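Asker: Pasting upload15.tsv below, which is TSV, C-alpha atoms and all ligand atoms.
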```
chain	number	residue	atom	x	y	z
A	1	MET	CA	-7.92	-50.95	-40.29
A	2	LEU	CA	-4.97	-52.94	-39.01
A	3	GLU	CA	-2.70	-50.57	-40.83
A	4	LYS	CA	-4.30	-47.68	-39.07
A	5	ILE	CA	-3.56	-49.37	-35.72
A	6	GLU	CA	0.07	-49.86	-36.69
A	7	GLU	CA	0.35	-46.22	-37.64
A	8	LEU	CA	-1.14	-45.03	-34.36
A	9	LEU	CA	1.16	-47.34	-32.43
A	10	ARG	CA	4.18	-45.79	-34.15
A	11	GLU	CA	2.88	-42.38	-33.31
A	12	VAL	CA	2.50	-43.34	-29.67
A	13	GLN	CA	5.99	-44.75	-29.49
A	14	GLN	CA	7.52	-41.66	-30.99
A	15	PHE	CA	5.66	-39.22	-28.83
A	16	GLN	CA	7.90	-37.31	-26.40
A	17	SER	CA	7.11	-34.40	-24.13
A	18	GLN	CA	8.09	-32.79	-20.86
A	19	ASN	CA	5.07	-30.66	-20.85
A	20	LYS	CA	2.05	-31.52	-18.74
A	21	GLU	CA	-0.42	-29.84	-21.08
A	22	GLU	CA	0.99	-31.54	-24.15
A	23	ILE	CA	0.75	-34.91	-22.44
A	24	GLU	CA	-2.86	-34.21	-21.56
A	25	LYS	CA	-3.59	-33.27	-25.20
A	26	PHE	CA	-1.96	-36.53	-26.25
A	27	ARG	CA	-4.19	-38.43	-23.84
A	28	ILE	CA	-7.34	-36.73	-25.17
A	29	ALA	CA	-6.31	-37.29	-28.81
A	30	PHE	CA	-5.91	-41.02	-28.25
A	31	ILE	CA	-8.08	-42.24	-25.43
A	32	GLY	CA	-10.38	-39.27	-24.75
A	33	LYS	CA	-14.10	-39.54	-25.58
A	34	LYS	CA	-13.45	-38.75	-29.22
A	35	GLY	CA	-9.91	-40.04	-29.29
A	36	SER	CA	-8.66	-42.20	-32.12
A	37	VAL	CA	-8.35	-45.33	-29.96
A	38	THR	CA	-11.85	-44.82	-28.60
A	39	GLU	CA	-13.09	-44.51	-32.16
A	40	LEU	CA	-11.42	-47.79	-33.05
A	41	PHE	CA	-13.25	-49.50	-30.20
A	42	GLU	CA	-16.49	-48.21	-31.63
A	43	LYS	CA	-15.64	-49.57	-35.07
A	44	PHE	CA	-14.95	-52.96	-33.48
A	45	LYS	CA	-18.64	-53.90	-34.00
A	46	GLU	CA	-18.24	-53.65	-37.74
A	47	VAL	CA	-15.25	-55.96	-37.85
A	48	PRO	CA	-16.05	-59.39	-39.32
A	49	ASN	CA	-16.25	-62.07	-36.65
A	50	ASP	CA	-13.21	-64.02	-37.85
A	51	GLN	CA	-10.99	-60.95	-37.55
A	52	LYS	CA	-12.38	-59.84	-34.20
A	53	LYS	CA	-9.79	-61.72	-32.12
A	54	GLU	CA	-6.72	-60.29	-33.82
A	55	PHE	CA	-8.26	-56.87	-34.06
A	56	GLY	CA	-9.25	-56.87	-30.41
A	57	GLN	CA	-5.77	-57.82	-29.26
A	58	LYS	CA	-4.23	-55.06	-31.36
A	59	ILE	CA	-6.41	-52.24	-30.12
A	60	ASN	CA	-5.99	-53.40	-26.54
A	61	ALA	CA	-2.24	-53.38	-27.03
A	62	LEU	CA	-2.49	-49.91	-28.55
A	63	LYS	CA	-4.54	-48.64	-25.66
A	64	GLN	CA	-2.07	-50.09	-23.21
A	65	ALA	CA	0.79	-48.49	-25.10
A	66	VAL	CA	-0.93	-45.13	-24.78
A	67	THR	CA	-1.57	-45.40	-21.04
A	68	HIS	CA	1.91	-46.73	-20.49
A	69	LYS	CA	3.41	-43.83	-22.43
A	70	ILE	CA	1.42	-41.30	-20.42
A	71	GLU	CA	2.48	-42.84	-17.13
A	72	GLU	CA	6.09	-42.88	-18.20
A	73	LEU	CA	6.15	-39.26	-19.29
A	74	LYS	CA	4.36	-38.07	-16.17
A	75	LYS	CA	6.84	-39.91	-14.01
A	76	GLU	CA	9.73	-38.30	-15.82
A	77	ILE	CA	8.34	-34.86	-15.20
A	78	SER	CA	7.73	-35.41	-11.51
A	79	ASP	CA	11.18	-36.98	-11.02
A	80	GLU	CA	12.76	-33.98	-12.59
A	81	LYS	CA	10.60	-31.68	-10.50
A	82	ILE	CA	11.71	-33.27	-7.28
A	83	GLU	CA	15.31	-32.74	-8.28
A	84	LYS	CA	14.71	-29.11	-9.04
A	85	LYS	CA	12.40	-28.48	-6.11
A	86	ILE	CA	13.71	-26.43	-3.18
A	87	ASP	CA	14.70	-28.62	-0.31
A	88	LEU	CA	12.23	-27.64	2.32
A	89	THR	CA	14.22	-29.27	5.07
A	90	ARG	CA	17.10	-26.85	4.64
A	91	PRO	CA	17.23	-24.06	7.22
A	92	GLY	CA	16.13	-20.70	5.81
A	93	PHE	CA	18.33	-17.66	5.44
A	94	PRO	CA	17.60	-15.27	8.31
A	95	GLN	CA	16.09	-12.01	7.09
A	96	GLU	CA	18.42	-9.15	7.96
A	97	LEU	CA	16.61	-6.56	10.03
A	98	GLY	CA	17.76	-2.97	10.02
A	99	SER	CA	18.37	-0.93	13.12
A	100	ARG	CA	17.17	2.42	14.30
A	101	HIS	CA	19.66	5.23	14.13
A	102	PRO	CA	21.03	6.05	17.59
A	103	VAL	CA	19.77	9.63	17.24
A	104	ASN	CA	16.28	8.24	16.75
A	105	ILE	CA	16.61	5.81	19.63
A	106	VAL	CA	17.62	8.58	22.01
A	107	LYS	CA	15.05	11.03	20.65
A	108	ASN	CA	12.30	8.47	21.22
A	109	ARG	CA	13.52	7.78	24.74
A	110	ILE	CA	13.50	11.49	25.58
A	111	ILE	CA	9.99	11.84	24.15
A	112	GLU	CA	8.78	8.89	26.23
A	113	ILE	CA	10.14	10.44	29.42
A	114	PHE	CA	8.44	13.79	28.86
A	115	LYS	CA	5.25	12.17	27.60
A	116	SER	CA	4.94	10.47	30.96
A	117	ILE	CA	4.61	13.91	32.58
A	118	GLY	CA	2.14	15.30	30.10
A	119	PHE	CA	4.20	16.77	27.25
A	120	VAL	CA	3.03	16.32	23.67
A	121	VAL	CA	5.11	16.50	20.49
A	122	ALA	CA	4.75	19.57	18.27
A	123	ASP	CA	6.18	19.99	14.81
A	124	GLY	CA	7.32	22.88	12.65
A	125	PRO	CA	9.07	23.59	9.35
A	126	GLU	CA	12.82	23.37	8.83
A	127	VAL	CA	12.73	26.30	6.43
A	128	GLU	CA	11.70	29.23	8.57
A	129	ASP	CA	11.10	32.94	8.39
A	130	ASP	CA	12.94	35.51	10.44
A	131	TRP	CA	10.00	36.10	12.78
A	132	HIS	CA	9.73	32.54	14.10
A	133	ASN	CA	13.45	31.82	14.29
A	134	PHE	CA	14.62	35.16	15.66
A	135	THR	CA	12.41	38.23	16.06
A	136	ALA	CA	9.55	36.66	18.03
A	137	LEU	CA	12.12	34.98	20.27
A	138	ASN	CA	13.26	38.39	21.41
A	139	LEU	CA	16.08	38.60	18.90
A	140	PRO	CA	15.24	41.70	16.88
A	141	GLU	CA	17.23	42.65	13.80
A	142	TYR	CA	20.83	43.62	14.58
A	143	HIS	CA	20.63	41.98	18.01
A	144	PRO	CA	24.16	40.78	18.70
A	145	ALA	CA	22.91	37.42	20.02
A	146	ARG	CA	21.96	36.47	16.46
A	147	ASP	CA	25.62	35.71	16.03
A	148	MET	CA	25.35	32.94	18.63
A	149	GLN	CA	23.90	30.79	15.88
A	150	ASP	CA	25.45	31.21	12.44
A	151	THR	CA	22.64	31.02	9.98
A	152	PHE	CA	22.14	29.53	6.53
A	153	PHE	CA	20.02	32.00	4.58
A	154	ILE	CA	17.96	30.86	1.64
A	155	GLU	CA	16.53	34.24	0.63
A	156	LYS	CA	17.08	37.81	1.73
A	157	ASP	CA	14.45	40.51	2.27
A	158	PRO	CA	12.31	39.08	3.60
A	159	ASP	CA	14.62	36.53	5.13
A	160	VAL	CA	13.98	32.86	4.56
A	161	LEU	CA	16.41	30.62	6.43
A	162	LEU	CA	17.08	27.16	7.75
A	163	ARG	CA	16.01	27.14	11.39
A	164	THR	CA	18.96	27.39	13.75
A	165	HIS	CA	17.03	25.88	16.65
A	166	THR	CA	13.69	24.24	17.31
A	167	SER	CA	12.67	27.22	19.48
A	168	SER	CA	10.88	28.40	16.33
A	169	VAL	CA	8.31	25.67	17.00
A	170	GLN	CA	7.58	27.26	20.41
A	171	ILE	CA	6.50	30.44	18.67
A	172	ARG	CA	4.35	28.65	16.11
A	173	TYR	CA	2.66	26.61	18.82
A	174	MET	CA	2.02	29.57	21.11
A	175	GLU	CA	0.57	31.56	18.20
A	176	ASN	CA	-1.98	28.86	17.50
A	177	ASN	CA	-2.82	27.49	20.94
A	178	LYS	CA	-3.93	28.73	24.31
A	179	PRO	CA	-2.20	27.92	27.59
A	180	PRO	CA	-1.83	25.70	29.50
A	181	MET	CA	0.56	23.98	27.13
A	182	ARG	CA	3.30	21.42	27.47
A	183	ILE	CA	5.11	20.66	24.25
A	184	LEU	CA	8.25	18.99	23.00
A	185	SER	CA	9.71	19.89	19.64
A	186	PRO	CA	12.26	17.46	18.30
A	187	GLY	CA	13.80	18.12	14.91
A	188	ARG	CA	16.68	18.95	12.63
A	189	VAL	CA	18.45	22.27	12.92
A	190	PHE	CA	21.09	23.93	10.78
A	191	ARG	CA	24.08	26.08	11.61
A	192	ASN	CA	26.75	27.47	9.38
A	193	GLU	CA	29.61	25.98	11.35
A	194	ALA	CA	32.73	24.10	10.43
A	195	ILE	CA	32.35	20.35	10.80
A	196	SER	CA	34.61	18.84	13.45
A	197	SER	CA	34.57	16.02	15.95
A	198	ARG	CA	32.38	18.13	18.25
A	199	SER	CA	30.16	20.06	15.86
A	200	HIS	CA	28.23	19.54	12.69
A	201	CYS	CA	26.26	21.94	10.52
A	202	ILE	CA	23.15	19.76	10.64
A	203	PHE	CA	22.11	18.23	13.92
A	204	HIS	CA	19.04	17.51	16.04
A	205	GLN	CA	17.56	19.33	18.96
A	206	ILE	CA	14.72	18.63	21.28
A	207	GLU	CA	13.13	21.48	23.05
A	208	GLY	CA	10.47	21.66	25.74
A	209	LEU	CA	8.03	24.42	26.60
A	210	TYR	CA	5.61	24.65	29.49
A	211	ILE	CA	3.23	27.58	29.89
A	212	ASP	CA	0.61	27.82	32.60
A	213	LYS	CA	-0.42	29.96	35.55
A	214	GLU	CA	2.22	30.20	38.27
A	215	VAL	CA	4.94	28.12	36.63
A	216	SER	CA	8.12	28.71	38.58
A	217	PHE	CA	11.83	28.10	38.27
A	218	ALA	CA	11.41	25.34	40.87
A	219	ASP	CA	9.06	23.54	38.43
A	220	LEU	CA	11.73	23.81	35.77
A	221	LYS	CA	14.39	22.39	38.01
A	222	GLN	CA	12.18	19.55	39.18
A	223	THR	CA	11.23	18.67	35.60
A	224	ILE	CA	14.85	18.57	34.46
A	225	GLN	CA	15.84	16.51	37.46
A	226	TYR	CA	13.10	14.01	36.70
A	227	PHE	CA	14.40	13.84	33.16
A	228	THR	CA	18.07	13.24	34.05
A	229	THR	CA	17.06	10.58	36.56
A	230	GLN	CA	14.99	8.77	33.96
A	231	LEU	CA	17.50	9.05	31.11
A	232	PHE	CA	20.86	8.69	32.81
A	233	GLY	CA	19.89	7.33	36.21
A	234	LYS	CA	21.52	10.45	37.66
A	235	SER	CA	19.55	12.91	39.76
A	236	GLN	CA	22.21	15.37	40.86
A	237	ILE	CA	22.06	18.48	38.71
A	238	ARG	CA	23.27	22.03	38.95
A	239	MET	CA	22.24	25.15	37.10
A	240	ARG	CA	24.74	27.75	36.04
A	241	PRO	CA	23.58	31.26	35.10
A	242	SER	CA	23.65	31.75	31.36
A	243	TYR	CA	22.13	33.86	28.65
A	244	PHE	CA	19.50	33.22	26.01
A	245	PRO	CA	17.52	36.11	24.56
A	246	PHE	CA	14.22	34.23	24.89
A	247	THR	CA	14.54	33.19	28.54
A	248	GLU	CA	15.07	35.20	31.69
A	249	PRO	CA	16.63	34.06	33.91
A	250	SER	CA	18.54	31.55	31.81
A	251	ALA	CA	20.68	28.65	32.91
A	252	GLU	CA	22.91	25.93	31.63
A	253	VAL	CA	22.21	22.52	33.17
A	254	ASP	CA	25.01	20.21	34.28
A	255	VAL	CA	24.40	16.68	35.46
A	256	TYR	CA	26.74	15.05	37.95
A	257	TRP	CA	28.17	12.15	35.99
A	258	GLY	CA	30.63	11.01	38.61
A	259	LEU	CA	34.29	10.13	38.43
A	260	ASN	CA	34.16	6.37	38.53
A	261	SER	CA	36.15	5.55	35.44
A	262	GLU	CA	38.85	6.91	33.22
A	263	THR	CA	36.20	7.82	30.66
A	264	ASP	CA	34.34	9.84	33.30
A	265	TYR	CA	37.52	11.84	33.90
A	266	ARG	CA	37.99	12.39	30.20
A	267	ILE	CA	34.44	13.43	29.28
A	268	THR	CA	33.95	15.65	32.34
A	269	LYS	CA	37.47	17.08	32.12
A	270	GLY	CA	38.09	15.85	35.63
A	271	THR	CA	35.16	17.72	37.19
A	272	GLY	CA	32.53	14.99	37.27
A	273	TRP	CA	30.00	17.45	35.77
A	274	LEU	CA	28.60	17.39	32.24
A	275	GLU	CA	26.68	20.11	30.50
A	276	ILE	CA	23.52	18.75	28.91
A	277	MET	CA	21.15	21.58	28.05
A	278	GLY	CA	20.14	25.22	28.14
A	279	CYS	CA	16.98	26.42	29.82
A	280	GLY	CA	15.20	29.27	31.51
A	281	MET	CA	11.92	31.04	32.25
A	282	VAL	CA	10.26	32.22	29.05
A	283	ASP	CA	10.98	35.93	28.68
A	284	PRO	CA	7.80	38.04	29.10
A	285	ALA	CA	8.72	39.79	25.84
A	286	VAL	CA	8.35	36.46	24.02
A	287	LEU	CA	4.94	35.84	25.57
A	288	LYS	CA	3.81	39.30	24.48
A	289	ASN	CA	4.94	38.57	20.92
A	290	VAL	CA	2.51	35.68	20.75
A	291	ASN	CA	-0.32	37.45	22.58
A	292	ILE	CA	-0.04	35.60	25.87
A	293	ASP	CA	-0.41	37.88	28.88
A	294	PRO	CA	2.80	37.63	30.95
A	295	GLU	CA	0.89	38.95	33.97
A	296	GLU	CA	-1.36	35.92	33.86
A	297	TYR	CA	0.95	33.22	32.55
A	298	SER	CA	4.53	32.21	32.98
A	299	GLY	CA	6.52	29.29	31.71
A	300	PHE	CA	9.82	27.60	31.17
A	301	ALA	CA	11.68	26.29	28.17
A	302	PHE	CA	14.66	24.04	27.72
A	303	GLY	CA	16.58	22.79	24.74
A	304	MET	CA	19.27	20.23	24.10
A	305	GLY	CA	21.25	18.76	21.25
A	306	ILE	CA	20.31	15.13	20.74
A	307	GLU	CA	23.68	14.13	19.23
A	308	ARG	CA	25.39	15.34	22.39
A	309	ILE	CA	23.23	13.08	24.54
A	310	VAL	CA	23.79	10.16	22.14
A	311	MET	CA	27.55	10.65	22.41
A	312	LEU	CA	27.33	10.67	26.19
A	313	LEU	CA	25.14	7.61	26.43
A	314	TYR	CA	27.16	5.53	23.97
A	315	GLN	CA	30.55	7.07	24.71
A	316	MET	CA	31.25	8.24	21.19
A	317	SER	CA	34.05	10.65	20.72
A	318	ASP	CA	33.28	11.96	17.24
A	319	ILE	CA	29.91	13.45	16.22
A	320	ARG	CA	30.65	12.73	12.56
A	321	MET	CA	30.09	9.02	13.21
A	322	LEU	CA	26.41	9.87	13.58
A	323	PHE	CA	26.20	11.28	10.06
A	324	GLU	CA	28.26	8.81	8.07
A	325	ASN	CA	25.71	6.01	8.40
A	326	ASP	CA	28.40	3.37	8.38
A	327	ILE	CA	26.57	0.05	8.58
A	328	ARG	CA	29.21	-1.33	10.97
A	329	MET	CA	28.35	1.40	13.45
A	330	LEU	CA	24.57	1.28	12.95
A	331	GLU	CA	24.45	-2.50	13.29
A	332	GLN	CA	25.50	-2.20	16.90
A	333	PHE	CA	22.15	-0.62	17.72
A	334	LYS	CA	20.04	-3.52	16.51
A	335	GLN	CA	18.67	-4.76	19.81
A	336	LEU	CA	18.03	-1.33	21.23
B	401	LIG	N1	17.49	27.33	21.61
B	401	LIG	C1	18.65	27.21	22.45
B	401	LIG	C2	19.84	26.79	21.59
B	401	LIG	O1	19.64	26.39	20.48
B	401	LIG	C3	18.44	26.24	23.56
B	401	LIG	C4	17.41	26.70	24.54
B	401	LIG	C5	16.10	26.37	24.38
B	401	LIG	C6	17.78	27.45	25.64
B	401	LIG	C7	15.15	26.80	25.28
B	401	LIG	C8	16.85	27.87	26.53
B	401	LIG	C9	15.55	27.55	26.36
B	401	LIG	O2	20.96	26.86	22.02
```
Show me this structure written as structure tokens.
Answerer:
Amino acid sequence: MLEKIEELLREVQQFQSQNKEEIEKFRIAFIGKKGSVTELFEKFKEVPNDQKKEFGQKINALKQAVTHKIEELKKEISDEKIEKKIDLTRPGFPQELGSRHPVNIVKNRIIEIFKSIGFVVADGPEVEDDWHNFTALNLPEYHPARDMQDTFFIEKDPDVLLRTHTSSVQIRYMENNKPPMRILSPGRVFRNEAISSRSHCIFHQIEGLYIDKEVSFADLKQTIQYFTTQLFGKSQIRMRPSYFPFTEPSAEVDVYWGLNSETDYRITKGTGWLEIMGCGMVDPAVLKNVNIDPEEYSGFAFGMGIERIVMLLYQMSDIRMLFENDIRMLEQFKQL
């Protein structure tokens, strides 16, 4: 029996582990309910009285060796853990937040302004048919004004194309809804144009349409003036006669930017005026195409390029900056 104790003691001394579970197994094997040391204690009764003293001391020492070993190993593990543990007092790394693209920022601002006077956003497809992009907008086949917007065709006969303006959404909305209506259609448009500092073949437009009884040109002018005041803080506008097949009369809107700085001189070419959008009264022919009676209803429409407004607001001189997605440029819009 004494030999057995010696053997167990050796085992205890040799035992090494960094593993919590292994240490626990070790504990159970030796001093658990059925552990070998526990068993020895049970056998203690059978030991002859004269040997009891020596025997008792030995198993006690063995038991102590086991508990001491366990304590030691556990301490080692936790010491090591503390070393490896992340230092919670260190300041964290700030999480980098992205920024909205300036085109999105400006688009959202424009939507907010028109929402406040009752416009709602309408959506339509980027791949369009001829009817919605041209014919219904009073641009029948062979109409020379089709050349105003060079088109990317996807299929011929019947034509499938990339929309050249978001006016196509007007048609879709009017086909499916009854007046009164006040909609805004923001979205991507495509034109087969050479890319330069002023133009790009993909860009964004936002267009408005208002149809009701007795809508007049004065309503149009007032609406646009409200918009320029809200967006630019500038309320002086002028309307120059222009031509769009889907509006009659049509106008180009200039906002008085002022001549307070060198930049103002440069961007307004010394005039103080900046062109911001096209607009007009919806042509009765367009209303007829979507089964709205032009005798009963009238309306106005306007449309602008969002990139152009972005460039004005942030004084950018090259439209291509808005498509390169250079992080150094985008980062500057973080707080906006
Ligand atoms: N669709 C025109 C364009 O792309 C803009 C416009 C919209 C003009 C509505 C008048 C009315 O140039």
Asker: Segment 20-37 of chain A: which residues within 8 Å, counting all atoms listed in the file, same-chain residues fewer than 5 positions away excluded, as a tab-separated table (two decimals) with C-alpha atoms, in the coordinates of the input?
Answerer:
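Final file, part-v3.tsv:
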```tsv
chain	number	residue	atom	x	y	z
A	59	ILE	CA	-6.41	-52.24	-30.12
A	62	LEU	CA	-2.49	-49.91	-28.55
A	63	LYS	CA	-4.54	-48.64	-25.66
A	66	VAL	CA	-0.93	-45.13	-24.78
A	67	THR	CA	-1.57	-45.40	-21.04
A	70	ILE	CA	1.42	-41.30	-20.42
A	73	LEU	CA	6.15	-39.26	-19.29
A	74	LYS	CA	4.36	-38.07	-16.17
A	77	ILE	CA	8.34	-34.86	-15.20
```
Asker: Please identify every polymer residue within 8 Å of ligand LIG 401 (chain B), using all atoms listed in the file, and present the set as a ChimeraX atom specification.
Answerer: /A:149,164-167,205,207-209,244,246-247,250-251,277-282,300-305
Asker: Which of these, A:Phe323, A:Ser242, A:Phe152, A:Met174, has the shortest distance to His200 of chain A once you count only C-alpha atoms?
Answerer: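 For His200 of chain A, the nearest of the candidates is A:Phe323.
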Asker: Here is a test: counting only C-alpha atoms, which residue of A:Asp130, A:Glu54, A:Glu295, A:Glu3 is nearest to Arg146 of chain A?
Answerer: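 Counting only C-alpha atoms, the residue closest to Arg146 of chain A is A:Asp130.
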Asker: Rank A:Met181, A:Ala285, A:Met329, A:Val290 by their smallest atom-to-atom distance to Pro140 of chain A, using only C-alpha atoms, and report the top residue only.
Answerer: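 Among A:Met181, A:Ala285, A:Met329, A:Val290, it is A:Ala285 that comes nearest to Pro140 of chain A.
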Asker: What is the atom CA of Glu76 of chain A-atom CA of Glu6 of chain A distance in Å, reported with one decimal?
Answerer: 25.7 Å
Asker: As an exercise, work out the distance from atom CA of Asp293 of chain A to atom CA of Ser185 of chain A in Å and give it to one decimal place.
Answerer: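 According to the coordinates, atom CA of Asp293 of chain A and atom CA of Ser185 of chain A are separated by 22.6 Å.
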Asker: Between A:Leu322, A:Ile206, A:Ile237, A:Val106, which has the minimum distance to Lys221 of chain A (counting all atoms listed in the file)?
Answerer: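 Using all atoms listed in the file, Lys221 of chain A sits closest to A:Ile237.
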Asker: Find the distance between atom CA of Glu252 of chain A and atom CA of Asn108 of chain A and write it in Å to one decimal.
Answerer: 22.9 Å
Asker: With all atoms listed in the file as the counted atoms, please give the residues lying no more than 12 Å from Ser99 of chain A, apart from itself and same-chain residues fewer than 6 positions off, as a list of chain:residue names.
Answerer: A:Ile105, A:Asn325, A:Asp326, A:Ile327, A:Arg328, A:Met329, A:Leu330, A:Glu331, A:Gln332, A:Phe333, A:Lys334, A:Gln335, A:Leu336
Asker: Can you pull out the residues contacting Thr263 of chain A? Cut-off 12 Å, using all atoms listed in the file, and skip same-chain residues under 2 positions away; I want them as a PyMOL selection string.
Answerer: chain A and resi 257-261+265-272+312-317
Asker: Using the file's own x, y and z axes, what box holds all listed atoms of segment 224-228 of chain A with 5 Å on each side, keeping edges along x, y and z, and what are its centre and edge lengths in Å to one decimal, as lines of an AutoDock Vina configuration file?
Answerer:
```
center_x = 15.6
center_y = 15.9
center_z = 35.3
size_x = 15.0
size_y = 15.3
size_z = 14.3
```
Asker: Do you know which residues are at most 12 Å from Ser196 of chain A counting all atoms listed in the file, after dropping those on the same chain fewer than 5 positions away, and could you put them as a PDB file with C-alpha atoms, in the coordinates of the input?
Answerer:
```pdb
ATOM      1  CA  CYS A 201      26.260  21.940  10.520  1.00  0.00           C
ATOM      2  CA  ILE A 202      23.150  19.760  10.640  1.00  0.00           C
ATOM      3  CA  SER A 317      34.050  10.650  20.720  1.00  0.00           C
ATOM      4  CA  ASP A 318      33.280  11.960  17.240  1.00  0.00           C
ATOM      5  CA  ILE A 319      29.910  13.450  16.220  1.00  0.00           C
ATOM      6  CA  ARG A 320      30.650  12.730  12.560  1.00  0.00           C
ATOM      7  CA  MET A 321      30.090   9.020  13.210  1.00  0.00           C
ATOM      8  CA  PHE A 323      26.200  11.280  10.060  1.00  0.00           C
TER       9      PHE A 323
END
```
Asker: Which of these, A:Glu193, A:Glu175, A:Glu39, A:Glu262, has the shortest distance to Asp147 of chain A once you count all atoms listed in the file?
Answerer: A:Glu193
Asker: Compile the contact shell of Ala65 of chain A as number ranges by chain: residues with an atom at most 9 Å away, counting only C-alpha atoms, same-chain residues fewer than 4 positions apart removed.
Answerer: A: 9, 12-13, 60-61, 69-70
Asker: Just checking: using all atoms listed in the file, which residue out of A:Phe55, A:Phe232, A:Pro91, A:Ser17 ends up closest to Glu72 of chain A?
Answerer: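 Among the listed residues, the smallest separation from Glu72 of chain A belongs to A:Ser17.
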